[in-house]
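Participant: Got a structure for you, data27.csv, holding CSV, C-alpha atoms.
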chain,number,residue,atom,x,y,z
A,257,MET,CA,40.0,161.6,179.7
A,258,ASN,CA,37.5,162.1,176.9
A,259,LYS,CA,34.6,159.7,177.0
A,260,LYS,CA,34.7,159.4,173.2
A,261,PHE,CA,38.1,157.6,173.6
A,262,TYR,CA,36.5,154.8,175.7
A,263,SER,CA,33.4,154.6,173.5
A,264,LYS,CA,35.1,152.3,171.0
A,265,PHE,CA,35.9,149.8,173.7
A,266,THR,CA,32.4,149.8,175.1
A,267,SER,CA,30.3,146.8,174.2
A,268,PRO,CA,26.8,147.5,172.8
A,269,LYS,CA,23.8,146.7,174.9
A,270,ASN,CA,22.6,143.1,174.9
A,271,SER,CA,19.2,144.2,173.6
A,272,ALA,CA,20.9,145.8,170.6
A,273,VAL,CA,23.0,142.8,169.8
A,274,LYS,CA,20.0,140.5,170.0
A,275,GLU,CA,17.9,142.8,167.7
A,276,ALA,CA,20.8,142.9,165.2
A,277,HIS,CA,21.2,139.1,165.3
A,278,LYS,CA,17.4,138.7,164.9
A,279,GLN,CA,17.2,141.0,161.9
A,280,ALA,CA,20.2,139.2,160.3
A,281,LYS,CA,18.5,135.8,160.7
A,282,LYS,CA,15.3,137.2,159.4
A,283,LYS,CA,17.0,138.6,156.3
A,284,ALA,CA,18.9,135.4,155.6
A,285,LYS,CA,15.7,133.3,156.1
A,286,LYS,CA,13.9,135.6,153.6
A,287,GLU,CA,16.7,135.3,151.0
A,288,ARG,CA,16.8,131.5,151.5
A,289,ALA,CA,13.0,131.2,151.1
A,290,GLU,CA,13.1,133.3,147.9
A,291,ALA,CA,15.8,131.1,146.4
A,292,ILE,CA,13.9,127.9,147.3
A,293,ASN,CA,10.7,129.3,145.9
A,294,LYS,CA,12.5,130.2,142.6
A,295,ARG,CA,13.8,126.7,142.3
A,296,PHE,CA,10.4,125.2,143.1
A,297,ASP,CA,8.6,127.5,140.7
A,298,GLU,CA,10.9,126.1,137.9
A,299,LYS,CA,10.4,122.6,139.1
A,300,ARG,CA,6.6,123.1,139.2
A,301,ARG,CA,6.7,124.5,135.7
A,302,LEU,CA,8.5,121.5,134.3
A,303,LYS,CA,6.2,119.1,136.1
A,304,ALA,CA,3.1,121.0,134.9
A,305,GLU,CA,4.2,120.7,131.3
A,306,ALA,CA,5.1,117.0,131.6
A,307,LYS,CA,1.8,116.4,133.5
A,308,ALA,CA,-0.3,118.1,130.8
A,309,ALA,CA,1.4,116.1,128.1
A,310,ALA,CA,1.0,112.9,130.1
A,311,GLU,CA,-2.7,113.5,130.8
A,312,ASN,CA,-3.3,114.2,127.1
A,313,ALA,CA,-1.4,111.0,126.2
A,314,VAL,CA,-3.5,108.9,128.7
A,315,LYS,CA,-6.7,110.3,127.3
A,316,GLU,CA,-5.7,109.4,123.8
A,317,VAL,CA,-4.7,105.9,124.9
A,318,LYS,CA,-8.2,105.4,126.2
A,319,GLU,CA,-9.6,106.4,122.8
A,320,GLN,CA,-7.1,104.2,121.0
A,321,LYS,CA,-9.6,101.3,120.7
A,322,LYS,CA,-11.8,103.6,118.7
A,323,SER,CA,-9.0,104.2,116.2
A,324,PRO,CA,-7.9,100.8,114.9
A,325,VAL,CA,-6.4,102.4,111.8
A,326,ILE,CA,-3.3,103.3,113.9
A,327,LYS,CA,-2.2,99.7,113.8
A,328,ALA,CA,-0.5,98.4,110.7
A,329,THR,CA,-1.9,95.4,109.0
A,330,GLY,CA,0.6,95.1,106.1
A,331,ALA,CA,2.4,97.3,103.6
A,332,THR,CA,0.6,98.6,100.5
A,333,PRO,CA,2.8,99.7,97.7
A,334,ASN,CA,2.3,103.4,96.8
A,335,LYS,CA,3.5,104.5,93.3
A,336,ASN,CA,1.5,107.7,93.2
A,337,PHE,CA,4.4,110.2,93.2
A,338,LYS,CA,6.2,112.1,90.5
A,339,GLU,CA,9.8,111.9,91.7
A,340,MET,CA,12.0,112.4,94.8
A,341,PRO,CA,15.6,111.9,96.0
A,342,LEU,CA,16.6,108.3,96.5
A,343,ASN,CA,17.4,108.8,100.2
A,344,LYS,CA,14.0,110.4,100.8
A,345,TYR,CA,12.4,107.5,98.9
A,346,LEU,CA,14.1,104.9,101.1
A,347,ALA,CA,13.0,106.9,104.2
A,348,HIS,CA,9.4,106.8,103.1
A,349,CYS,CA,9.7,103.1,102.4
A,350,GLY,CA,10.6,102.6,106.1
A,351,VAL,CA,14.1,101.3,105.3
A,352,SER,CA,15.8,103.9,107.6
A,353,SER,CA,15.9,107.6,108.4
A,354,ARG,CA,16.8,109.9,105.5
A,355,ARG,CA,20.3,110.4,107.0
A,356,ASP,CA,21.0,106.7,107.5
A,357,ALA,CA,19.7,106.0,104.0
A,358,VAL,CA,22.6,108.1,102.7
A,359,GLU,CA,25.0,105.5,104.1
A,360,PHE,CA,23.1,102.6,102.6
A,361,ILE,CA,23.3,104.3,99.2
A,362,LYS,CA,27.0,105.2,99.4
A,363,ASP,CA,27.8,101.7,100.5
A,364,GLY,CA,26.4,100.4,97.2
A,365,LYS,CA,23.5,98.5,98.8
A,366,VAL,CA,20.8,100.2,96.7
A,367,LYS,CA,19.9,99.4,93.1
A,368,VAL,CA,17.5,101.4,90.9
A,369,ASN,CA,16.3,99.4,87.9
A,370,ASP,CA,19.1,96.9,88.6
A,371,SER,CA,21.8,99.5,88.5
A,372,ILE,CA,23.8,100.3,91.7
A,373,ILE,CA,23.3,103.9,92.6
A,374,THR,CA,25.7,105.6,95.0
A,375,GLU,CA,24.3,109.2,94.8
A,376,PRO,CA,21.7,109.9,97.5
A,377,ALA,CA,20.2,112.8,95.5
A,378,HIS,CA,19.5,110.5,92.5
A,379,ARG,CA,15.9,111.2,91.5
A,380,VAL,CA,13.5,108.2,91.4
A,381,THR,CA,9.9,108.0,90.1
A,382,GLY,CA,6.9,105.8,90.7
A,383,ASN,CA,7.9,103.8,87.6
A,384,ASP,CA,11.4,102.9,89.0
A,385,THR,CA,12.2,99.6,90.7
A,386,VAL,CA,14.2,100.2,93.9
A,387,LYS,CA,16.0,97.3,95.7
A,388,VAL,CA,17.9,97.4,99.0
A,389,ASN,CA,20.2,94.4,99.5
A,390,GLY,CA,18.4,92.6,96.7
A,391,LYS,CA,14.9,93.1,98.1
A,392,GLU,CA,12.4,95.5,96.4
A,393,VAL,CA,11.1,98.2,98.6
A,394,PHE,CA,7.9,100.4,98.3
A,395,ILE,CA,6.6,103.5,99.8
A,396,SER,CA,4.0,102.2,102.3
A,397,LYS,CA,0.6,103.8,102.9
A,398,ASN,CA,0.6,102.1,106.3
A,399,LEU,CA,2.5,104.4,108.6
A,400,VAL,CA,3.2,103.2,112.1
A,401,TYR,CA,4.0,105.2,115.2
A,402,VAL,CA,5.2,103.4,118.3
A,403,LEU,CA,6.3,104.9,121.7
A,404,LEU,CA,8.7,102.8,123.7
A,405,ASN,CA,9.9,103.2,127.2
A,406,LYS,CA,13.5,102.1,126.5
A,407,PRO,CA,15.4,100.2,129.2
A,408,LYS,CA,19.1,100.3,129.7
A,409,ASP,CA,21.4,98.0,127.8
A,410,TYR,CA,19.5,98.3,124.5
A,411,ILE,CA,21.0,100.1,121.6
A,412,THR,CA,19.0,102.3,119.2
A,413,THR,CA,20.2,100.8,115.9
A,414,THR,CA,18.2,98.7,113.4
A,415,ASP,CA,20.9,95.9,113.7
A,416,ASP,CA,24.2,95.4,115.5
A,417,PRO,CA,27.1,93.4,114.1
A,418,GLN,CA,28.3,92.7,117.6
A,419,GLY,CA,25.0,91.0,118.5
A,420,ARG,CA,24.0,93.3,121.2
A,421,LYS,CA,20.3,93.8,122.1
A,422,THR,CA,18.5,96.4,120.1
A,423,VAL,CA,15.2,98.3,120.7
A,424,LEU,CA,13.7,96.7,117.6
A,425,GLN,CA,13.6,93.4,119.5
A,426,LEU,CA,11.3,95.0,122.1
A,427,VAL,CA,8.8,96.2,119.5
A,428,LYS,CA,8.9,93.3,117.0
A,429,ALA,CA,5.4,92.3,117.9
A,430,ALA,CA,4.0,95.8,117.2
A,431,THR,CA,3.9,95.6,113.4
A,432,PRO,CA,5.0,93.7,110.3
A,433,GLU,CA,6.2,97.0,108.9
A,434,ARG,CA,9.9,98.0,109.1
A,435,ILE,CA,10.2,100.8,111.7
A,436,TYR,CA,13.2,102.6,113.1
A,437,PRO,CA,13.9,104.9,116.0
A,438,ILE,CA,13.8,108.7,115.6
A,439,GLY,CA,17.1,109.9,117.0
A,440,ARG,CA,19.2,107.9,119.4
A,441,LEU,CA,19.5,107.2,123.1
A,442,ASP,CA,22.8,105.7,124.1
A,443,ARG,CA,23.0,102.2,125.6
A,444,ASN,CA,22.9,103.4,129.2
A,445,THR,CA,20.1,105.9,128.7
A,446,SER,CA,16.5,105.0,129.3
A,447,GLY,CA,13.1,106.6,128.6
A,448,VAL,CA,10.9,107.9,125.8
A,449,LEU,CA,11.9,106.7,122.3
A,450,LEU,CA,9.7,107.1,119.2
A,451,LEU,CA,9.8,104.5,116.4
A,452,THR,CA,8.1,104.9,113.0
A,453,ASN,CA,8.4,104.3,109.3
A,454,ASP,CA,7.3,107.9,108.5
A,455,GLY,CA,10.4,109.3,106.9
A,456,GLU,CA,9.0,112.9,106.6
A,457,LEU,CA,8.2,113.0,110.4
A,458,THR,CA,11.6,111.5,111.2
A,459,GLN,CA,13.3,114.3,109.3
A,460,LYS,CA,11.2,117.0,111.0
A,461,LEU,CA,11.7,115.7,114.6
A,462,SER,CA,15.5,115.3,113.9
A,463,HIS,CA,16.0,118.7,112.4
A,464,PRO,CA,17.5,121.4,114.7
A,465,SER,CA,15.3,124.2,113.1
A,466,TYR,CA,12.2,122.7,114.8
A,467,ASN,CA,13.6,123.0,118.3
A,468,ILE,CA,12.0,119.8,119.5
A,469,LYS,CA,11.9,119.7,123.3
A,470,LYS,CA,13.5,117.0,125.3
A,471,VAL,CA,13.4,116.7,129.1
A,472,TYR,CA,15.8,114.4,131.0
A,473,GLU,CA,16.2,113.3,134.7
A,474,VAL,CA,19.8,113.1,135.6
A,475,LYS,CA,21.3,111.3,138.6
A,476,LEU,CA,24.8,112.6,139.5
A,477,ASP,CA,27.6,111.2,141.6
A,478,LYS,CA,27.5,114.3,143.8
A,479,PRO,CA,25.3,117.4,144.4
A,480,LEU,CA,25.2,120.0,141.7
A,481,THR,CA,26.5,123.3,143.1
A,482,LYS,CA,24.8,126.6,142.6
A,483,ALA,CA,27.8,127.9,140.6
A,484,ASP,CA,27.6,124.9,138.1
A,485,PHE,CA,23.8,125.2,138.1
A,486,ASP,CA,24.2,128.8,136.8
A,487,LYS,CA,26.9,127.8,134.3
A,488,ILE,CA,24.6,125.2,132.6
A,489,LEU,CA,21.9,127.8,132.2
A,490,SER,CA,24.2,130.6,131.0
A,491,GLY,CA,26.1,128.3,128.6
A,492,ILE,CA,29.3,126.2,128.6
A,493,SER,CA,31.8,125.4,125.8
A,494,LEU,CA,32.2,121.8,124.5
A,495,GLU,CA,34.5,120.5,121.9
A,496,ASP,CA,31.8,120.8,119.2
A,497,GLY,CA,30.5,124.3,120.2
A,498,ASP,CA,28.7,126.2,123.0
A,499,ILE,CA,25.6,124.7,124.6
A,500,LYS,CA,23.1,125.8,127.3
A,501,ALA,CA,20.1,124.3,128.8
A,502,ASP,CA,16.6,125.7,128.1
A,503,ALA,CA,15.6,125.0,131.7
A,504,LEU,CA,17.1,123.4,134.8
A,505,ALA,CA,15.8,122.4,138.2
A,506,TYR,CA,16.5,120.3,141.2
A,507,ALA,CA,14.0,117.4,140.9
A,508,ASP,CA,14.2,117.0,144.7
A,509,ALA,CA,15.0,119.9,147.0
A,510,ARG,CA,16.5,117.5,149.5
A,511,ASP,CA,18.7,115.7,147.0
A,512,LYS,CA,20.7,117.9,144.7
A,513,THR,CA,22.2,115.0,142.9
A,514,ILE,CA,18.9,114.5,140.9
A,515,ILE,CA,18.5,117.2,138.2
A,516,GLY,CA,15.8,117.9,135.6
A,517,ILE,CA,17.1,119.4,132.4
A,518,GLU,CA,15.3,120.6,129.4
A,519,ILE,CA,17.2,120.9,126.1
A,520,HIS,CA,16.4,120.9,122.4
A,521,SER,CA,19.8,120.1,121.0
A,522,GLY,CA,20.2,116.7,119.3
A,523,ARG,CA,24.0,116.5,119.5
A,524,ASN,CA,25.5,113.2,120.5
A,525,ARG,CA,25.5,112.4,124.2
A,526,ILE,CA,24.9,116.1,124.9
A,527,VAL,CA,23.4,115.8,128.4
A,528,ARG,CA,26.2,113.5,129.6
A,529,ARG,CA,28.9,115.8,128.1
A,530,ILE,CA,27.5,118.9,129.8
A,531,PHE,CA,27.8,117.4,133.3
A,532,GLU,CA,31.1,115.6,132.5
A,533,LYS,CA,32.6,118.9,131.4
A,534,LEU,CA,31.9,120.3,134.9
A,535,GLY,CA,33.4,117.3,136.7
A,536,TYR,CA,30.3,115.2,137.4
A,537,ASP,CA,29.8,111.5,136.7
A,538,VAL,CA,26.3,110.7,135.3
A,539,LYS,CA,25.1,107.6,137.2
A,540,ALA,CA,21.7,107.4,135.5
A,541,LEU,CA,20.0,109.3,132.6
A,542,ASP,CA,16.3,109.0,131.8
A,543,ARG,CA,14.4,110.9,129.1
A,544,VAL,CA,11.0,111.7,130.5
A,545,LEU,CA,9.7,113.8,127.6
A,546,PHE,CA,10.3,113.9,123.9
A,547,ALA,CA,8.3,116.2,121.6
A,548,ASN,CA,5.5,116.4,124.3
A,549,LEU,CA,5.3,112.6,124.5
A,550,THR,CA,5.9,111.0,127.9
A,551,LYS,CA,6.4,107.5,129.1
A,552,LYS,CA,3.7,107.7,131.7
A,553,ASN,CA,1.6,104.5,131.9
A,554,VAL,CA,4.2,102.7,129.8
A,555,GLU,CA,6.3,100.3,131.8
A,556,ARG,CA,10.0,100.0,131.2
A,557,GLY,CA,10.6,97.8,128.2
A,558,LYS,CA,7.0,98.2,127.0
A,559,TRP,CA,5.4,100.1,124.1
A,560,ARG,CA,2.2,101.6,122.8
A,561,PHE,CA,0.8,103.0,119.6
A,562,LEU,CA,0.4,106.7,119.3
A,563,SER,CA,-3.2,108.0,118.9
A,564,GLU,CA,-4.3,109.9,115.8
A,565,LYS,CA,-4.3,113.1,117.7
A,566,GLU,CA,-0.8,112.6,119.0
A,567,ILE,CA,0.4,112.0,115.4
A,568,ARG,CA,-1.4,115.0,114.1
A,569,LEU,CA,0.2,117.2,116.9
A,570,LEU,CA,3.7,115.9,116.1
A,571,LYS,CA,3.3,116.7,112.4
A,572,TYR,CA,2.3,120.3,113.0
A,573,MET,CA,4.6,120.8,116.0
A,574,ASN,CA,6.6,124.0,115.9
A,575,ALA,CA,5.8,124.4,112.2
A,576,GLY,CA,6.2,128.2,112.5
A,577,LYS,CA,9.7,127.9,113.9
A,578,LYS,CA,11.2,126.3,110.8
A,579,LYS,CA,13.7,128.5,109.2
I need this file expressed as structure tokens, please.
Facilitator:
Amino acid sequence: MNKKFYSKFTSPKNSAVKEAHKQAKKKAKKERAEAINKRFDEKRRLKAEAKAAAENAVKEVKEQKKSPVIKATGATPNKNFKEMPLNKYLAHCGVSSRRDAVEFIKDGKVKVNDSIITEPAHRVTGNDTVKVNGKEVFISKNLVYVLLNKPKDYITTTDDPQGRKTVLQLVKAATPERIYPIGRLDRNTSGVLLLTNDGELTQKLSHPSYNIKKVYEVKLDKPLTKADFDKILSGISLEDGDIKADALAYADARDKTIIGIEIHSGRNRIVRRIFEKLGYDVKALDRVLFANLTKKNVERGKWRFLSEKEIRLLKYMNAGKKK
């Protein structure tokens, strides 16, 4: 019988089997190492950015004593302006953000020269008398900027009809000025929150065209799979449109339930909705960076004033990106 007939039943030599197995293991190990290195490179990049911002913040905090002008000592009326929309005026007075001021006006809570005005675009001048709920308000020269490390169970509204705890209760000792939060963190989200009475800066940091960076640490109920990891980076569809992360990384290579996500969208509950869409339950959500500000050296529930340099950087941040 032809030997070729038997060759297909003949087992390869042990040495050949061992060598093939060895090469397969070597290849798999190399691929695994490359994948791990890629994830760690992304993680290191996020950490480096956060560390650089944190170090800068720490440096500026140390210099804070040299800059007492940061702290507010009382409002000084400022009538030196020609005219502006009523909602913008209220924002500059520290009543609320420009967007929230629209609701105050439409609800009939604002009077100009003793007449109720319900049109947010109504133009006011320095000669007009503007009152909110019967109290006259002024544009303040004393602008205040407070960074809070928000704890859970506090809401980011100026007041709450239901009597729940608000972030303003945590910063009430910071200034006699009326300040308000820029953007919102939901009740169960903790981390960096900026409060101010600077309406112009509020508008800028809230506007999508400036692409303000936010970084969150997310704790999930189960490990994030590689497939879902890739979906978040490439983009997923939500009820209010498509969304994708700017960057994503496993915060701990040994625990894939802890994720770092960078995103610039300000849509409501956007981080939670991304993971919920893919079938994950968000157990904890912490914002570790907002507009290059971090909560390092600020204990949970505590606050600090921004330095002059931090304020200056915020005002000129991403100025070239505005459409």
Participant: Pick out the residues sitting within 8 Å of Lys344 of chain A, and hand them over as a ChimeraX atom specification; count only C-alpha atoms, and ignore anything fewer than 6 positions along from it in its own chain.
Facilitator: /A:354,357,455
Participant: Could you give me, as a PyMOL selection string, the residues that sit within 12 Å of (7.4, 112.3, 108.9) in the file's coordinates, counting only C-alpha atoms?
Facilitator: chain A and resi 344+347-350+352-354+399-401+438+450-463+567-573
Participant: Enter the distance from atom CA of Ser563 of chain A to atom CA of Thr431 of chain A, in Å, rounded to one decimal.
Facilitator: 15.3 Å
Participant: Could you please determine the separation between atom CA of Val448 of chain A and atom CA of Leu545 of chain A in Å, to one decimal place?
Facilitator: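 About the pair atom CA of Val448 of chain A and atom CA of Leu545 of chain A: they are 6.3 Å apart.
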Participant: Which one of A:Asn405, A:Asn444, A:Asn369, A:Thr422 sits closest to Lys552 of chain A if you count only C-alpha atoms?
Facilitator: A:Asn405
Participant: Hey, can you check how far atom CA of Val538 of chain A sits from atom CA of Gly491 of chain A?
Facilitator: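 For atom CA of Val538 of chain A relative to atom CA of Gly491 of chain A, the distance reads 18.8 Å.
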Participant: For a cut-off of 12 Å around (21.8, 107.7, 125.1), file coordinates, pick out all residues using all atoms listed in the file and list them as a count of residues only.
Facilitator: 34
Participant: Please provide the set of residues having any atom within 10 Å of Asp356 of chain A, restricted to all atoms listed in the file, with same-chain residues fewer than 4 positions apart removed, written as a PyMOL selection string.
Facilitator: chain A and resi 343+346-347+351-352+360-361
